[in-house]
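Next comes target-v1.cif, a file with mmCIF, C-alpha atoms.
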data_my_file
#
loop_
_atom_site.label_atom_id
_atom_site.label_comp_id
_atom_site.auth_asym_id
_atom_site.auth_seq_id
_atom_site.Cartn_x
_atom_site.Cartn_y
_atom_site.Cartn_z
CA VAL A 1 173.61 -137.31 32.75
CA GLN A 2 171.88 -134.58 30.76
CA LEU A 3 173.12 -132.94 27.57
CA GLN A 4 172.53 -129.37 26.44
CA ALA A 5 173.33 -128.58 22.81
CA SER A 6 173.87 -125.09 21.44
CA GLY A 7 175.44 -123.21 18.58
CA GLY A 8 173.05 -123.80 15.73
CA GLY A 9 171.84 -121.05 13.48
CA LEU A 10 171.57 -119.71 9.95
CA VAL A 11 174.72 -119.55 7.85
CA GLN A 12 175.49 -119.08 4.18
CA THR A 13 177.00 -121.76 1.98
CA GLY A 14 180.70 -122.02 2.67
CA GLY A 15 180.38 -120.65 6.17
CA SER A 16 181.25 -122.20 9.52
CA LEU A 17 179.53 -122.99 12.79
CA ARG A 18 180.66 -124.62 15.99
CA LEU A 19 178.17 -126.68 17.94
CA SER A 20 178.68 -127.31 21.63
CA CYS A 21 177.14 -129.90 23.90
CA ALA A 22 177.61 -129.53 27.62
CA ALA A 23 177.02 -132.40 30.02
CA SER A 24 175.66 -132.12 33.53
CA VAL A 25 177.87 -134.76 35.13
CA SER A 26 181.11 -134.88 37.08
CA GLY A 27 184.27 -134.54 35.03
CA GLY A 28 185.49 -137.98 35.97
CA THR A 29 182.25 -139.55 34.82
CA PHE A 30 182.17 -137.57 31.57
CA SER A 31 185.49 -139.06 30.54
CA ARG A 32 183.87 -142.52 30.49
CA TYR A 33 181.42 -141.51 27.78
CA GLY A 34 181.61 -142.13 24.08
CA LEU A 35 180.15 -139.10 22.32
CA ALA A 36 178.61 -138.39 18.96
CA TRP A 37 176.80 -135.88 16.84
CA PHE A 38 173.82 -136.99 14.79
CA ARG A 39 171.62 -135.04 12.44
CA GLN A 40 168.12 -135.53 11.20
CA VAL A 41 166.00 -134.09 8.45
CA VAL A 42 162.22 -134.45 8.50
CA GLY A 43 161.25 -137.70 6.85
CA LYS A 44 164.71 -139.22 7.06
CA GLU A 45 166.49 -141.39 9.58
CA ARG A 46 168.83 -139.91 12.12
CA GLU A 47 172.40 -140.29 10.92
CA CYS A 48 175.70 -140.14 12.71
CA VAL A 49 177.96 -137.46 11.32
CA ALA A 50 180.81 -137.75 13.84
CA ALA A 51 181.69 -139.81 16.89
CA THR A 52 184.52 -140.26 19.33
CA THR A 53 185.45 -142.86 21.90
CA ARG A 54 185.85 -142.05 25.57
CA SER A 55 189.58 -141.56 25.09
CA GLY A 56 189.20 -139.53 21.94
CA GLY A 57 191.65 -141.88 20.30
CA SER A 58 189.24 -143.18 17.69
CA LEU A 59 187.06 -140.99 15.55
CA TYR A 60 184.33 -141.58 13.01
CA TYR A 61 183.10 -139.23 10.30
CA ALA A 62 180.37 -139.79 7.78
CA ASP A 63 181.69 -139.63 4.23
CA SER A 64 179.54 -136.59 3.54
CA VAL A 65 181.33 -134.50 6.20
CA LYS A 66 184.90 -135.80 6.08
CA ASN A 67 187.51 -133.05 5.88
CA ARG A 68 184.83 -130.44 6.72
CA PHE A 69 183.63 -131.37 10.22
CA THR A 70 185.73 -132.01 13.32
CA ILE A 71 184.54 -133.56 16.57
CA SER A 72 186.46 -132.84 19.74
CA ARG A 73 185.94 -133.18 23.45
CA ASP A 74 187.10 -131.25 26.49
CA ASN A 75 186.72 -133.46 29.53
CA ALA A 76 187.60 -130.64 31.91
CA LYS A 77 184.71 -128.58 30.55
CA LYS A 78 182.50 -131.68 30.12
CA THR A 79 181.74 -130.56 26.60
CA VAL A 80 181.85 -132.05 23.13
CA TYR A 81 182.15 -129.85 20.07
CA LEU A 82 181.42 -130.14 16.37
CA GLN A 83 183.31 -127.68 14.23
CA MET A 84 181.59 -127.43 10.86
CA ASN A 85 183.38 -125.74 7.98
CA SER A 86 182.56 -125.31 4.30
CA LEU A 87 178.90 -125.80 5.05
CA LYS A 88 176.55 -126.85 2.29
CA PRO A 89 172.76 -126.58 1.97
CA GLU A 90 172.54 -130.36 2.39
CA ASP A 91 174.00 -129.97 5.88
CA THR A 92 170.74 -128.32 6.93
CA ALA A 93 169.26 -130.43 9.73
CA VAL A 94 168.59 -130.63 13.42
CA TYR A 95 171.80 -131.71 15.10
CA TYR A 96 171.77 -133.84 18.23
CA CYS A 97 174.56 -134.75 20.58
CA ALA A 98 174.54 -138.16 22.22
CA ALA A 99 176.44 -139.98 24.93
CA LYS A 100 177.03 -143.56 25.95
CA ASP A 101 178.79 -144.74 29.08
CA GLN A 102 181.60 -146.90 27.69
CA ILE A 103 183.04 -148.15 30.94
CA LEU A 104 182.40 -151.71 29.75
CA THR A 105 182.57 -151.26 25.99
CA ALA A 106 185.06 -150.09 23.40
CA GLY A 107 185.06 -148.77 19.88
CA VAL A 108 183.32 -145.94 18.12
CA LEU A 109 179.54 -146.12 18.24
CA THR A 110 177.62 -144.84 15.24
CA LEU A 111 174.06 -146.14 15.57
CA PRO A 112 171.30 -144.18 17.33
CA ARG A 113 170.21 -147.28 19.30
CA GLU A 114 173.68 -147.51 20.83
CA TYR A 115 173.31 -144.21 22.64
CA ALA A 116 171.40 -143.84 25.88
CA VAL A 117 171.51 -140.08 26.40
CA TRP A 118 170.49 -137.36 23.95
CA GLY A 119 170.60 -133.60 23.86
CA GLN A 120 167.58 -131.58 22.77
CA GLY A 121 168.79 -130.76 19.25
CA THR A 122 169.92 -127.56 17.65
CA LEU A 123 168.86 -126.41 14.18
CA VAL A 124 171.46 -125.67 11.54
CA THR A 125 170.25 -123.98 8.38
CA VAL A 126 172.61 -123.41 5.46
CA SER A 127 171.30 -121.03 2.84
CA SER A 128 172.32 -121.26 -0.80
#
Full structure transcribed into structure tokens:
Amino acid sequence: VQLQASGGGLVQTGGSLRLSCAASVSGGTFSRYGLAWFRQVVGKERECVAATTRSGGSLYYADSVKNRFTISRDNAKKTVYLQMNSLKPEDTAVYYCAAKDQILTAGVLTLPREYAVWGQGTLVTVSS
């Protein structure tokens, strides 16, 4: 599977953006994947901001984005989204989508080493 992220850009504090990550895989296969959005700032470790299980029944949000970001998936479109509202300058980062085939595993995955497939990253810049 390959992932293609899009939707980043420049936005003012308090604004919104929606990131998309499209997968090049059959729809039936896509539904097996746990999905996540990570972000990384130069000099810092990559952190998970949101993740979902293959069913979408369990979600994870980093404390810093709770009640502002929403992860969702559309298995028919083979796409995972990250809706980002009330953006802050500290949200500025390169955002990466990631996928892990969870046919044999369960639970929300939040560590970079748990994910096998990564998108190319999309830059989000929040101006103050």
Can you check which parts of stretch 35-67 of chain A lie within 12 Å of stretch 11-25 of chain A? Per residue, the shortest pair of atoms and distance in Å to one decimal, counting all atoms listed in the file, sorted by chain and number, as a tab-separated table.
residue	atom	partner	partner_atom	distance
A:Leu35	CA	A:Cys21	CA	9.8
A:Ala36	CA	A:Cys21	CA	9.9
A:Trp37	CA	A:Cys21	CA	9.3
A:Phe38	CA	A:Leu19	CA	11.6
A:Arg39	CA	A:Leu19	CA	12.0
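With all atoms listed in the file taken into account, every residue lying no more than 7 Å from the file point (184.2, -141.1, 19.2) is included here: Gly34, Leu35, Ala36, Ala51, Thr52, Thr53, Arg54, Gly56, Ser58, Leu59, Tyr60, Val108 and Leu109 of chain A.
Each of A:Ile71, A:Ala106, A:Val41, A:Ala50 was checked against A:Asp91 using only C-alpha atoms; the smallest atom-to-atom distance is that of A:Val41.
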*Write out as an MDAnalysis selection string which residues come within 9 Å of A:Gly119 when counting all atoms listed in the file, dropping same-chain ones fewer than 3 positions away.*
chainID A and resid 2:5 21:23 96:99 122
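Coordinates place atom CA of A:Ser64 at a distance of 11.9 Å from atom CA of A:Met84.
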Atom completion result for stretch 11-22 of chain A (all heavy atoms) as a CSV table (one decimal), in the coordinates of the input:
chain,number,residue,atom,x,y,z
A,11,VAL,N,173.4,-119.9,8.4
A,11,VAL,CA,174.7,-119.6,7.8
A,11,VAL,C,174.6,-119.7,6.3
A,11,VAL,O,173.9,-120.5,5.8
A,11,VAL,CB,175.8,-120.4,8.5
A,11,VAL,CG1,175.6,-121.9,8.1
A,11,VAL,CG2,177.2,-119.9,8.1
A,12,GLN,N,175.5,-119.0,5.6
A,12,GLN,CA,175.5,-119.1,4.2
A,12,GLN,C,176.4,-120.2,3.8
A,12,GLN,O,177.3,-120.7,4.5
A,12,GLN,CB,176.0,-117.8,3.6
A,12,GLN,CG,175.0,-116.6,3.7
A,12,GLN,CD,175.5,-115.4,3.0
A,12,GLN,OE1,176.7,-115.2,2.8
A,12,GLN,NE2,174.6,-114.5,2.6
A,13,THR,N,176.1,-120.7,2.6
A,13,THR,CA,177.0,-121.8,2.0
A,13,THR,C,178.5,-121.3,2.1
A,13,THR,O,178.8,-120.2,1.7
A,13,THR,CB,176.6,-122.0,0.5
A,13,THR,OG1,175.3,-122.5,0.5
A,13,THR,CG2,177.5,-123.0,-0.1
A,14,GLY,N,179.3,-122.3,2.5
A,14,GLY,CA,180.7,-122.0,2.7
A,14,GLY,C,181.1,-121.5,4.0
A,14,GLY,O,182.3,-121.4,4.4
A,15,GLY,N,180.1,-121.2,4.8
A,15,GLY,CA,180.4,-120.6,6.2
A,15,GLY,C,180.7,-121.7,7.2
A,15,GLY,O,180.8,-122.9,6.9
A,16,SER,N,180.9,-121.3,8.4
A,16,SER,CA,181.2,-122.2,9.5
A,16,SER,C,180.4,-122.0,10.7
A,16,SER,O,179.8,-120.9,11.0
A,16,SER,CB,182.7,-122.0,9.9
A,16,SER,OG,183.6,-122.3,8.9
A,17,LEU,N,180.2,-123.0,11.5
A,17,LEU,CA,179.5,-123.0,12.8
A,17,LEU,C,180.2,-124.0,13.7
A,17,LEU,O,180.8,-125.0,13.3
A,17,LEU,CB,178.1,-123.4,12.7
A,17,LEU,CG,177.0,-122.4,12.1
A,17,LEU,CD1,175.7,-123.1,12.0
A,17,LEU,CD2,176.9,-121.2,13.0
A,18,ARG,N,180.2,-123.7,15.0
A,18,ARG,CA,180.7,-124.6,16.0
A,18,ARG,C,179.5,-124.9,17.0
A,18,ARG,O,179.0,-124.1,17.6
A,18,ARG,CB,181.9,-124.1,16.8
A,18,ARG,CG,182.5,-125.2,17.7
A,18,ARG,CD,183.7,-124.7,18.4
A,18,ARG,NE,183.4,-124.0,19.6
A,18,ARG,CZ,184.3,-123.8,20.6
A,18,ARG,NH1,185.4,-124.5,20.6
A,18,ARG,NH2,183.9,-123.1,21.6
A,19,LEU,N,179.2,-126.2,17.0
A,19,LEU,CA,178.2,-126.7,17.9
A,19,LEU,C,178.9,-127.1,19.2
A,19,LEU,O,180.0,-127.7,19.2
A,19,LEU,CB,177.4,-127.8,17.4
A,19,LEU,CG,176.7,-127.6,16.0
A,19,LEU,CD1,175.9,-128.9,15.6
A,19,LEU,CD2,175.8,-126.4,16.0
A,20,SER,N,178.2,-126.9,20.3
A,20,SER,CA,178.7,-127.3,21.6
A,20,SER,C,177.6,-128.2,22.3
A,20,SER,O,176.4,-127.9,22.1
A,20,SER,CB,179.0,-126.1,22.5
A,20,SER,OG,180.0,-125.3,21.9
A,21,CYS,N,178.1,-129.1,23.1
A,21,CYS,CA,177.1,-129.9,23.9
A,21,CYS,C,177.7,-130.1,25.3
A,21,CYS,O,178.8,-130.8,25.4
A,21,CYS,CB,176.9,-131.2,23.2
A,21,CYS,SG,175.8,-132.4,24.1
A,22,ALA,N,177.1,-129.5,26.3
A,22,ALA,CA,177.6,-129.5,27.6
A,22,ALA,C,176.9,-130.6,28.4
A,22,ALA,O,175.6,-130.7,28.3
A,22,ALA,CB,177.5,-128.2,28.3
